[in-house]
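Student: Sending over start.txt (compact mmCIF, C-alpha atoms).
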# COMPACT_ATOMS: atom_id res chain seq x y z
CA MET E 972 -34.57 -41.88 -71.74
CA CYS E 973 -37.02 -39.41 -73.29
CA CYS E 974 -37.02 -38.62 -77.01
CA GLN E 975 -35.60 -35.14 -76.36
CA SER E 976 -32.60 -36.60 -74.51
CA LEU E 977 -32.05 -39.23 -77.20
CA LEU E 978 -32.03 -36.52 -79.85
CA LEU E 979 -29.52 -34.51 -77.84
CA VAL E 980 -27.18 -37.50 -77.47
CA GLN E 981 -27.51 -38.12 -81.22
CA LYS E 982 -26.53 -34.52 -81.99
CA ILE E 983 -23.56 -34.77 -79.62
CA SER E 984 -22.51 -38.00 -81.35
CA GLU E 985 -22.67 -36.29 -84.74
CA LEU E 986 -20.47 -33.45 -83.49
CA TYR E 987 -18.09 -35.96 -81.94
CA HIS E 988 -17.67 -37.63 -85.34
CA LYS E 989 -16.80 -34.28 -86.94
CA ILE E 990 -14.37 -33.35 -84.14
CA SER E 991 -12.69 -36.77 -84.02
CA THR E 992 -11.91 -36.66 -87.75
CA LEU E 993 -10.25 -33.23 -87.66
CA GLU E 994 -6.64 -33.17 -88.80
CA SER E 995 -5.79 -30.75 -85.98
CA LEU E 996 -7.50 -29.40 -82.85
CA LYS E 997 -5.53 -26.16 -82.97
CA PRO E 998 -7.73 -23.04 -82.89
CA SER E 999 -9.24 -22.16 -86.26
CA LYS E 1000 -12.57 -20.88 -87.49
CA HIS E 1001 -13.83 -24.41 -88.18
CA VAL E 1002 -12.50 -25.96 -84.96
CA ASN E 1003 -13.85 -23.09 -82.85
CA SER E 1004 -17.25 -23.40 -84.54
CA LEU E 1005 -17.53 -27.13 -83.78
CA PHE E 1006 -16.67 -26.71 -80.10
CA SER E 1007 -18.98 -23.70 -79.79
CA GLN E 1008 -21.80 -25.85 -81.17
CA LEU E 1009 -20.93 -28.55 -78.64
CA VAL E 1010 -21.02 -26.09 -75.74
CA LEU E 1011 -24.42 -24.79 -76.84
CA LEU E 1012 -25.76 -28.34 -77.07
CA ILE E 1013 -24.65 -29.47 -73.63
CA CYS E 1014 -26.07 -26.34 -72.02
CA THR E 1015 -29.59 -26.60 -73.48
CA PRO E 1016 -32.47 -26.74 -70.93
CA SER E 1017 -33.04 -30.46 -71.55
CA SER E 1018 -29.36 -31.32 -71.02
CA SER E 1019 -29.69 -31.85 -67.27
CA SER E 1020 -32.10 -34.77 -67.79
CA ILE E 1021 -29.31 -36.97 -69.19
CA ASP E 1022 -27.68 -39.42 -66.80
CA VAL E 1023 -24.49 -40.47 -68.57
CA SER E 1024 -24.03 -43.46 -66.25
CA THR E 1025 -27.07 -45.12 -67.84
CA LEU E 1026 -25.86 -44.81 -71.42
CA CYS E 1027 -24.78 -47.83 -73.45
CA SER E 1028 -21.14 -48.88 -73.68
CA THR E 1029 -20.74 -47.48 -77.21
CA ILE E 1030 -21.84 -44.02 -76.09
CA GLN E 1031 -19.71 -44.32 -72.94
CA THR E 1032 -16.64 -45.02 -75.09
CA MET E 1033 -17.49 -42.07 -77.32
CA ARG E 1034 -17.93 -39.83 -74.27
CA SER E 1035 -14.56 -40.88 -72.83
CA HIS E 1036 -12.82 -40.07 -76.11
CA LEU E 1037 -14.70 -36.78 -76.49
CA ILE E 1038 -13.55 -35.65 -73.03
CA LYS E 1039 -9.95 -36.27 -74.08
CA LEU E 1040 -10.43 -34.40 -77.36
CA CYS E 1041 -12.00 -31.48 -75.49
CA GLY E 1042 -9.10 -31.47 -73.05
CA GLU E 1043 -6.56 -31.38 -75.87
CA ALA E 1044 -8.45 -28.63 -77.70
CA GLU E 1045 -8.81 -26.61 -74.49
CA SER E 1046 -5.07 -26.84 -73.84
CA LEU E 1047 -4.24 -25.73 -77.40
CA LEU E 1048 -6.72 -22.84 -77.13
CA GLU E 1049 -5.21 -21.70 -73.83
CA HIS E 1050 -1.66 -21.85 -75.19
CA HIS E 1051 -2.77 -19.86 -78.24
CA TYR E 1052 -4.40 -17.09 -76.24
CA SER E 1053 -1.70 -17.02 -73.58
CA THR E 1054 0.79 -16.20 -76.34
CA ILE E 1055 -1.52 -13.46 -77.66
CA LEU E 1056 -2.01 -11.95 -74.21
CA SER E 1057 1.71 -12.02 -73.46
CA SER E 1058 2.36 -9.94 -76.58
CA HIS E 1059 0.67 -7.00 -74.86
CA GLN E 1060 2.61 -4.75 -72.54
CA ASN E 1061 0.13 -5.35 -69.72
CA PRO E 1062 -1.44 -8.80 -70.32
CA LEU E 1063 -3.75 -8.52 -67.31
CA ASP E 1064 -5.50 -5.56 -68.96
CA HIS E 1065 -6.51 -7.72 -71.93
CA LEU E 1066 -7.79 -10.96 -70.35
CA SER E 1067 -11.21 -10.43 -71.90
CA LEU E 1068 -9.70 -11.23 -75.32
CA PHE E 1069 -10.12 -14.89 -74.38
CA PRO E 1070 -13.54 -15.93 -75.73
CA TYR E 1071 -14.59 -17.76 -72.54
CA TYR E 1072 -13.21 -15.25 -70.06
CA SER E 1073 -16.70 -14.26 -68.82
CA ASN E 1074 -17.32 -17.93 -67.96
CA TYR E 1075 -14.20 -17.93 -65.78
CA LEU E 1076 -15.40 -14.77 -64.03
CA LYS E 1077 -18.74 -16.44 -63.25
CA LEU E 1078 -17.19 -19.75 -62.24
CA THR E 1079 -14.66 -18.11 -59.91
CA HIS E 1080 -17.38 -15.95 -58.37
CA LEU E 1081 -19.43 -19.11 -57.76
CA GLU E 1082 -16.48 -20.84 -56.13
CA PHE E 1083 -15.79 -17.89 -53.86
CA SER E 1084 -19.50 -17.59 -52.94
CA ILE E 1085 -19.64 -21.30 -52.08
CA LEU E 1086 -16.53 -20.96 -49.92
CA ASN E 1087 -18.06 -17.94 -48.22
CA HIS E 1088 -21.33 -19.75 -47.52
CA HIS E 1089 -20.09 -23.17 -46.42
CA ALA E 1090 -16.72 -22.28 -44.91
CA PRO E 1091 -17.03 -18.59 -43.96
CA HIS E 1092 -13.78 -18.64 -41.97
CA SER E 1093 -12.00 -19.14 -45.31
CA THR E 1094 -13.16 -15.76 -46.52
CA THR E 1095 -13.39 -13.75 -43.30
CA THR E 1096 -9.90 -14.95 -42.43
CA PRO E 1097 -8.39 -15.46 -45.88
CA PRO E 1098 -6.05 -18.44 -46.33
CA SER E 1099 -2.37 -17.62 -46.43
CA LYS E 1100 -1.69 -20.25 -49.11
CA VAL E 1101 -3.89 -22.08 -51.59
CA ALA E 1102 -3.03 -24.56 -54.35
CA PHE E 1103 -4.48 -24.87 -57.82
CA VAL E 1104 -3.76 -28.23 -59.38
CA GLY E 1105 -3.83 -28.21 -63.19
CA SER E 1106 -3.45 -24.46 -63.70
CA GLY E 1107 -2.46 -24.53 -67.39
CA ALA E 1108 -1.20 -21.80 -69.68
CA LEU E 1109 -4.08 -19.48 -68.75
CA PRO E 1110 -4.44 -19.67 -64.95
CA PHE E 1111 -7.54 -17.47 -64.98
CA SER E 1112 -9.02 -19.02 -61.85
CA SER E 1113 -5.93 -18.25 -59.79
CA ILE E 1114 -5.53 -14.77 -61.28
CA ILE E 1115 -9.18 -13.78 -60.75
CA MET E 1116 -9.28 -15.27 -57.26
CA ALA E 1117 -6.02 -13.54 -56.33
CA LEU E 1118 -7.03 -10.14 -57.69
CA LYS E 1119 -10.73 -9.99 -56.72
CA TYR E 1120 -11.24 -12.20 -53.67
CA PHE E 1121 -7.99 -13.08 -51.87
CA PRO E 1122 -5.68 -10.08 -52.36
CA LYS E 1123 -3.11 -11.22 -49.77
CA THR E 1124 -3.09 -14.98 -50.39
CA GLU E 1125 -0.25 -16.91 -52.07
CA PHE E 1126 -1.40 -19.01 -55.03
CA HIS E 1127 0.69 -22.08 -55.83
CA ASN E 1128 -0.08 -23.35 -59.33
CA PHE E 1129 0.82 -26.93 -60.23
CA ASP E 1130 1.04 -28.17 -63.82
CA LEU E 1131 2.94 -30.92 -65.59
CA ASP E 1132 3.61 -28.84 -68.70
CA PRO E 1133 6.71 -26.60 -68.45
CA SER E 1134 5.62 -24.54 -71.46
CA ALA E 1135 2.22 -23.90 -69.86
CA ASN E 1136 3.88 -22.65 -66.67
CA ALA E 1137 6.34 -20.51 -68.63
CA LYS E 1138 3.49 -18.83 -70.51
CA ALA E 1139 1.38 -18.47 -67.37
CA SER E 1140 4.17 -16.78 -65.45
CA MET E 1141 4.62 -14.26 -68.27
CA LEU E 1142 1.01 -13.14 -67.85
CA VAL E 1143 1.61 -11.97 -64.29
CA ALA E 1144 5.27 -10.94 -64.55
CA GLY E 1145 4.41 -7.30 -65.22
CA ASP E 1146 2.38 -6.97 -62.02
CA VAL E 1147 4.96 -6.84 -59.23
CA GLU E 1148 2.50 -7.40 -56.40
CA LEU E 1149 0.61 -10.26 -58.06
CA SER E 1150 3.73 -12.00 -59.37
CA ARG E 1151 5.02 -12.22 -55.78
CA ARG E 1152 1.90 -14.19 -54.84
CA MET E 1153 1.71 -16.44 -57.92
CA VAL E 1154 4.08 -19.39 -57.71
CA PHE E 1155 4.34 -21.94 -60.54
CA HIS E 1156 5.44 -25.53 -59.95
CA THR E 1157 6.21 -27.79 -62.91
CA THR E 1158 5.53 -31.16 -61.36
CA ASP E 1159 3.07 -34.02 -61.08
CA ILE E 1160 0.87 -33.45 -58.03
CA MET E 1161 1.36 -37.16 -57.24
CA ASP E 1162 5.01 -36.32 -56.53
CA VAL E 1163 4.14 -33.55 -54.07
CA GLY E 1164 4.29 -34.85 -50.50
CA SER E 1165 2.57 -33.99 -47.25
CA GLU E 1166 5.28 -31.56 -46.14
CA GLU E 1167 4.21 -29.21 -48.92
CA LEU E 1168 0.52 -30.08 -49.32
CA ARG E 1169 -0.20 -29.51 -45.63
CA GLU E 1170 0.68 -25.85 -46.07
CA PHE E 1171 -2.46 -25.24 -48.15
CA GLU E 1172 -5.75 -24.37 -46.49
CA VAL E 1173 -7.63 -24.74 -49.78
CA VAL E 1174 -6.78 -26.96 -52.76
CA PHE E 1175 -8.52 -26.42 -56.09
CA LEU E 1176 -8.55 -29.39 -58.47
CA ALA E 1177 -9.06 -28.55 -62.15
CA ALA E 1178 -11.68 -30.55 -64.04
CA LEU E 1179 -9.23 -32.11 -66.48
CA VAL E 1180 -6.76 -33.39 -63.90
CA GLY E 1181 -7.50 -37.09 -64.17
CA MET E 1182 -9.75 -37.48 -67.19
CA GLU E 1183 -10.33 -41.16 -66.46
CA ARG E 1184 -12.18 -41.94 -63.23
CA GLU E 1185 -9.44 -44.25 -61.93
CA GLU E 1186 -6.78 -41.60 -62.54
CA LYS E 1187 -8.81 -38.86 -60.84
CA GLY E 1188 -9.49 -41.19 -57.94
CA LYS E 1189 -5.76 -41.69 -57.42
CA VAL E 1190 -5.21 -37.92 -57.36
CA ILE E 1191 -8.02 -37.41 -54.82
CA GLU E 1192 -6.68 -40.24 -52.66
CA HIS E 1193 -3.18 -38.73 -52.78
CA LEU E 1194 -4.59 -35.39 -51.65
CA ARG E 1195 -6.55 -37.11 -48.86
CA LYS E 1196 -3.41 -38.74 -47.54
CA ASN E 1197 -1.27 -35.62 -47.69
CA MET E 1198 -3.47 -32.57 -47.11
CA SER E 1199 -3.86 -31.08 -43.66
CA GLY E 1200 -6.84 -32.14 -41.55
CA GLY E 1201 -9.60 -29.53 -41.86
CA ALA E 1202 -8.31 -28.27 -45.22
CA LEU E 1203 -10.80 -27.71 -48.04
CA LEU E 1204 -10.82 -29.40 -51.43
CA MET E 1205 -12.74 -27.68 -54.22
CA LEU E 1206 -13.28 -29.81 -57.31
CA ARG E 1207 -14.82 -29.18 -60.70
CA SER E 1208 -17.18 -31.83 -61.93
CA ALA E 1209 -19.98 -32.10 -64.51
CA TYR E 1210 -23.66 -32.96 -64.62
CA GLY E 1211 -26.12 -34.05 -67.29
CA ALA E 1212 -24.94 -33.54 -70.86
CA ARG E 1213 -22.06 -31.42 -69.57
CA ALA E 1214 -20.47 -34.76 -68.63
CA PHE E 1215 -19.73 -35.29 -72.32
CA VAL E 1216 -16.94 -32.71 -72.10
CA TYR E 1217 -15.75 -32.96 -68.49
CA PRO E 1218 -15.32 -35.89 -66.06
CA VAL E 1219 -17.82 -36.49 -63.28
CA VAL E 1220 -16.77 -36.62 -59.62
CA GLU E 1221 -19.09 -38.84 -57.57
CA ALA E 1222 -19.53 -38.86 -53.79
CA CYS E 1223 -17.86 -42.29 -53.63
CA ASP E 1224 -14.74 -40.76 -55.20
CA LEU E 1225 -14.34 -38.58 -52.10
CA ARG E 1226 -13.97 -41.22 -49.41
CA GLY E 1227 -12.41 -39.68 -46.31
CA PHE E 1228 -13.73 -36.21 -47.14
CA ASP E 1229 -16.84 -34.55 -45.75
CA ILE E 1230 -18.80 -33.22 -48.73
CA LEU E 1231 -20.10 -29.76 -47.84
CA THR E 1232 -22.00 -29.03 -51.05
CA VAL E 1233 -22.45 -29.89 -54.71
CA PHE E 1234 -23.63 -27.15 -57.07
CA HIS E 1235 -24.83 -27.70 -60.65
CA PRO E 1236 -25.07 -24.51 -62.75
CA THR E 1237 -27.88 -24.06 -65.27
CA ASP E 1238 -26.41 -21.20 -67.28
CA GLU E 1239 -23.40 -21.09 -69.62
CA VAL E 1240 -21.02 -22.14 -66.83
CA ILE E 1241 -20.23 -25.76 -67.65
CA ASN E 1242 -18.53 -27.10 -64.54
CA SER E 1243 -20.33 -28.28 -61.44
CA ILE E 1244 -18.63 -27.39 -58.16
CA VAL E 1245 -17.96 -29.75 -55.29
CA LEU E 1246 -16.64 -28.50 -51.96
CA ALA E 1247 -15.32 -31.01 -49.41
CA ARG E 1248 -13.42 -30.85 -46.13
CA LEU E 1249 -10.80 -33.32 -45.02
Please rewrite the model in this file as structure tokens.
Tutor:
Amino acid sequence: MCCQSLLLVQKISELYHKISTLESLKPSKHVNSLFSQLVLLICTPSSSSIDVSTLCSTIQTMRSHLIKLCGEAESLLEHHYSTILSSHQNPLDHLSLFPYYSNYLKLTHLEFSILNHHAPHSTTTPPSKVAFVGSGALPFSSIIMALKYFPKTEFHNFDLDPSANAKASMLVAGDVELSRRMVFHTTDIMDVGSEELREFEVVFLAALVGMEREEKGKVIEHLRKNMSGGALLMLRSAYGARAFVYPVVEACDLRGFDILTVFHPTDEVINSIVLARL
């Protein structure tokens, strides 16, 4: 590994130590500053040169723990801002209050563009139903996709957390048309069988569903067994130093699927995008 990459890993390790010793990961000026520094680090030009699979076991353990800390902090941040947005009469008019909203706009545009390029029938003949697994308290991806790209499609959002779904549903409740197309299911996707999963032409899998590789592999295998043949699976992965905050999905994790494309962003969008067909 080059000196530049080693220095970057060292800086990430230093930030990890500061984050891991915090009393709370709830949004605050200090917490937000630490995670903002982390995001800037993993998106530097040299970040793509890091192959996390080659790192020593100590760094691998640190990375695994950091992903979990980032997931917890992200969930707390989303709950916090979902509450703020719901306090407005028309929450959908104030989505930009969320500090990373522009990233969601870019990420969702990328996902739609990839669908349009590699599976054009999905956009010329929009799907009647899609699923988003791991939607959370701020289901921005579903909301943006439903409003901007698939205005007639039903979006079924799956999340384990009842409070996240309750807050998410409040965001769209004031929009009669959108609320009819946004369905929220409080359940483990592993408990959703083929009778329901085969209704979806596209399934989106959030990056933090299955933070450990074995766990994510079980979710992907469950989807493979129960989705409809020809259906599309869009996953969020990570590449380079970005893999310190999000899990990586490898080609071998998608046995039984035909991988159509893998896209690694180089701007402030953190997640890589993988599109596969069953």
Student: Report as JSON lines the residues of range 1089-1174 of chain E within 12 Å of range 1188-1195 of chain E, each with its shortest atom pair and distance in Å (one decimal), using all atoms listed in the file, ordered by chain and increasing residue number.
Tutor:
{"residue": "E:Ala1102", "atom": "CA", "partner": "E:Leu1194", "partner_atom": "CA", "distance": 11.3}
{"residue": "E:Val1104", "atom": "CA", "partner": "E:Val1190", "partner_atom": "CA", "distance": 10.0}
{"residue": "E:Gly1105", "atom": "CA", "partner": "E:Val1190", "partner_atom": "CA", "distance": 11.4}
{"residue": "E:Asp1159", "atom": "CA", "partner": "E:Val1190", "partner_atom": "CA", "distance": 9.9}
{"residue": "E:Ile1160", "atom": "CA", "partner": "E:Val1190", "partner_atom": "CA", "distance": 7.6}
{"residue": "E:Met1161", "atom": "CA", "partner": "E:His1193", "partner_atom": "CA", "distance": 6.6}
{"residue": "E:Asp1162", "atom": "CA", "partner": "E:His1193", "partner_atom": "CA", "distance": 9.3}
{"residue": "E:Val1163", "atom": "CA", "partner": "E:His1193", "partner_atom": "CA", "distance": 9.1}
{"residue": "E:Gly1164", "atom": "CA", "partner": "E:His1193", "partner_atom": "CA", "distance": 8.7}
{"residue": "E:Ser1165", "atom": "CA", "partner": "E:Leu1194", "partner_atom": "CA", "distance": 8.5}
{"residue": "E:Glu1166", "atom": "CA", "partner": "E:Leu1194", "partner_atom": "CA", "distance": 11.9}
{"residue": "E:Glu1167", "atom": "CA", "partner": "E:Leu1194", "partner_atom": "CA", "distance": 11.1}
{"residue": "E:Leu1168", "atom": "CA", "partner": "E:Leu1194", "partner_atom": "CA", "distance": 7.7}
{"residue": "E:Arg1169", "atom": "CA", "partner": "E:Leu1194", "partner_atom": "CA", "distance": 9.5}
{"residue": "E:Phe1171", "atom": "CA", "partner": "E:Leu1194", "partner_atom": "CA", "distance": 10.9}
{"residue": "E:Val1173", "atom": "CA", "partner": "E:Leu1194", "partner_atom": "CA", "distance": 11.2}
{"residue": "E:Val1174", "atom": "CA", "partner": "E:Leu1194", "partner_atom": "CA", "distance": 8.8}
Student: Using only C-alpha atoms, please write the residues we just selected to a file, as a tab-separated table (two decimals), keeping the file's coordinate frame.
Tutor:
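The resulting file, selection.tsv, is reproduced below:
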chain	number	residue	atom	x	y	z
E	1102	ALA	CA	-3.03	-24.56	-54.35
E	1104	VAL	CA	-3.76	-28.23	-59.38
E	1105	GLY	CA	-3.83	-28.21	-63.19
E	1159	ASP	CA	3.07	-34.02	-61.08
E	1160	ILE	CA	0.87	-33.45	-58.03
E	1161	MET	CA	1.36	-37.16	-57.24
E	1162	ASP	CA	5.01	-36.32	-56.53
E	1163	VAL	CA	4.14	-33.55	-54.07
E	1164	GLY	CA	4.29	-34.85	-50.50
E	1165	SER	CA	2.57	-33.99	-47.25
E	1166	GLU	CA	5.28	-31.56	-46.14
E	1167	GLU	CA	4.21	-29.21	-48.92
E	1168	LEU	CA	0.52	-30.08	-49.32
E	1169	ARG	CA	-0.20	-29.51	-45.63
E	1171	PHE	CA	-2.46	-25.24	-48.15
E	1173	VAL	CA	-7.63	-24.74	-49.78
E	1174	VAL	CA	-6.78	-26.96	-52.76
Student: Extract, using only C-alpha atoms, all DNA, RNA and protein residues at most 9 Å from Ser991 in chain E, discarding same-chain residues fewer than 6 positions from it, and format them as an MDAnalysis selection string.
Tutor: chainID E and resid 1036:1037 1040
Student: Given all atoms listed in the file as the basis, pick out the residue of E:Ser999, E:Ser1112, E:Gln1060, E:Ser1053 nearest to Thr1079 in chain E.
Tutor: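 Checking each candidate against Thr1079 in chain E, we get E:Ser1112 as the closest.
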Student: Report as an NGL selection string all protein, DNA and RNA residues lying within 12 Å of Ser1073 in chain E, evaluated on only C-alpha atoms, omitting residues in the same chain fewer than 4 positions from it.
Tutor: :E and (1066-1069 or 1077-1080 or 1111-1112 or 1115 or 1239-1240)
Student: Generate the output file for the selected residues, C-alpha atoms, as a PDB file, in the coordinates of the input.
Tutor:
ATOM      1  CA  LEU E1066      -7.790 -10.960 -70.350  1.00  0.00           C
ATOM      2  CA  SER E1067     -11.210 -10.430 -71.900  1.00  0.00           C
ATOM      3  CA  LEU E1068      -9.700 -11.230 -75.320  1.00  0.00           C
ATOM      4  CA  PHE E1069     -10.120 -14.890 -74.380  1.00  0.00           C
ATOM      5  CA  LYS E1077     -18.740 -16.440 -63.250  1.00  0.00           C
ATOM      6  CA  LEU E1078     -17.190 -19.750 -62.240  1.00  0.00           C
ATOM      7  CA  THR E1079     -14.660 -18.110 -59.910  1.00  0.00           C
ATOM      8  CA  HIS E1080     -17.380 -15.950 -58.370  1.00  0.00           C
ATOM      9  CA  PHE E1111      -7.540 -17.470 -64.980  1.00  0.00           C
ATOM     10  CA  SER E1112      -9.020 -19.020 -61.850  1.00  0.00           C
ATOM     11  CA  ILE E1115      -9.180 -13.780 -60.750  1.00  0.00           C
ATOM     12  CA  GLU E1239     -23.400 -21.090 -69.620  1.00  0.00           C
ATOM     13  CA  VAL E1240     -21.020 -22.140 -66.830  1.00  0.00           C
TER      14      VAL E1240
END
Student: For a test of reading the model, state the distance in Å between CA of Thr1124 in chain E and CA of Arg1151 in chain E, rounded to one decimal.
Tutor: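 Taking CA of Thr1124 in chain E and CA of Arg1151 in chain E, their separation equals 10.1 Å.
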Student: Choose the residue, out of E:Phe1121, E:Phe1126, E:Tyr1072, E:Phe1175, that has the smallest atom-to-atom separation from Leu1206 in chain E; count all atoms listed in the file.
Tutor: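 Of the candidates, the smallest distance to Leu1206 in chain E is held by E:Phe1175.
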Student: Quick one: residues within 12 Å of Met1205 in chain E, all atoms listed in the file counted, chain neighbours fewer than 3 positions away excluded, as a VMD selection string?
Tutor: chain E and resid 1079 1081 to 1083 1085 to 1086 1089 to 1090 1101 to 1104 1172 to 1178 1191 1194 1202 1208 1220 1225 1228 to 1234 1242 to 1249
Student: Let me make sure I understand: among E:Leu1109, E:Leu1048, E:Leu977, E:Val1219, which one has the smallest atom-to-atom distance to Val1180 in chain E if we use all atoms listed in the file?
Tutor: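 Counting all atoms listed in the file, the residue closest to Val1180 in chain E is E:Val1219.
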Student: In terms of the shortest atom-to-atom distance over all atoms listed in the file, which of E:Glu1049, E:Asp1022, E:Asp1064, E:Pro1097 is closest to Pro1110 in chain E?
Tutor: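 Closest to Pro1110 in chain E of all the choices is E:Glu1049.
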Student: CA of Ala1144 in chain E and CA of Pro998 in chain E are how many Å apart?
Tutor: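 Interatomic distance, CA of Ala1144 in chain E to CA of Pro998 in chain E: 25.5 Å.
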Student: I need the residue nearest Gly1042 in chain E from this list: E:Met1153, E:Met1182, E:Ala1222, E:Leu1118. Use all atoms listed in the file for the distance.
Tutor: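 Looking at the shortest contact to Gly1042 in chain E, the residue is E:Met1182.
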Student: CA of Thr1095 in chain E and CA of Pro1236 in chain E are how many Å apart?
Tutor: 25.1 Å
Student: Extending 4 Å beyond the listed atoms of range 1201-1214 of chain E on each side, what axis-aligned box results? I want centre and edge lengths in Å to one decimal, as lines of an AutoDock Vina configuration file.
Tutor:
center_x = -17.2
center_y = -31.2
center_z = -56.4
size_x = 25.8
size_y = 15.1
size_z = 37.0
Student: Tell me, as JSON, numbers by chain, which residues lie within 9 Å of Val1216 in chain E, counting only C-alpha atoms; anything in the same chain fewer than 5 positions away does not count.
Tutor: {"E": [1009, 1010, 1013, 1034, 1035, 1037, 1038, 1039, 1040, 1041, 1042, 1209, 1241]}
Student: So that I can see what lies close to Thr1032 in chain E, please list as a compact mmCIF listing (two decimals) with C-alpha atoms, keeping the file's coordinate frame the residues with an atom at most 12 Å from it, counting only C-alpha atoms and leaving out residues fewer than 6 positions away in the same chain.
Tutor:
# COMPACT_ATOMS: atom_id res chain seq x y z
CA SER E 984 -22.51 -38.00 -81.35
CA TYR E 987 -18.09 -35.96 -81.94
CA VAL E 1023 -24.49 -40.47 -68.57
CA SER E 1024 -24.03 -43.46 -66.25
CA LEU E 1026 -25.86 -44.81 -71.42
CA ILE E 1038 -13.55 -35.65 -73.03
CA LYS E 1039 -9.95 -36.27 -74.08
CA GLU E 1183 -10.33 -41.16 -66.46
CA PHE E 1215 -19.73 -35.29 -72.32
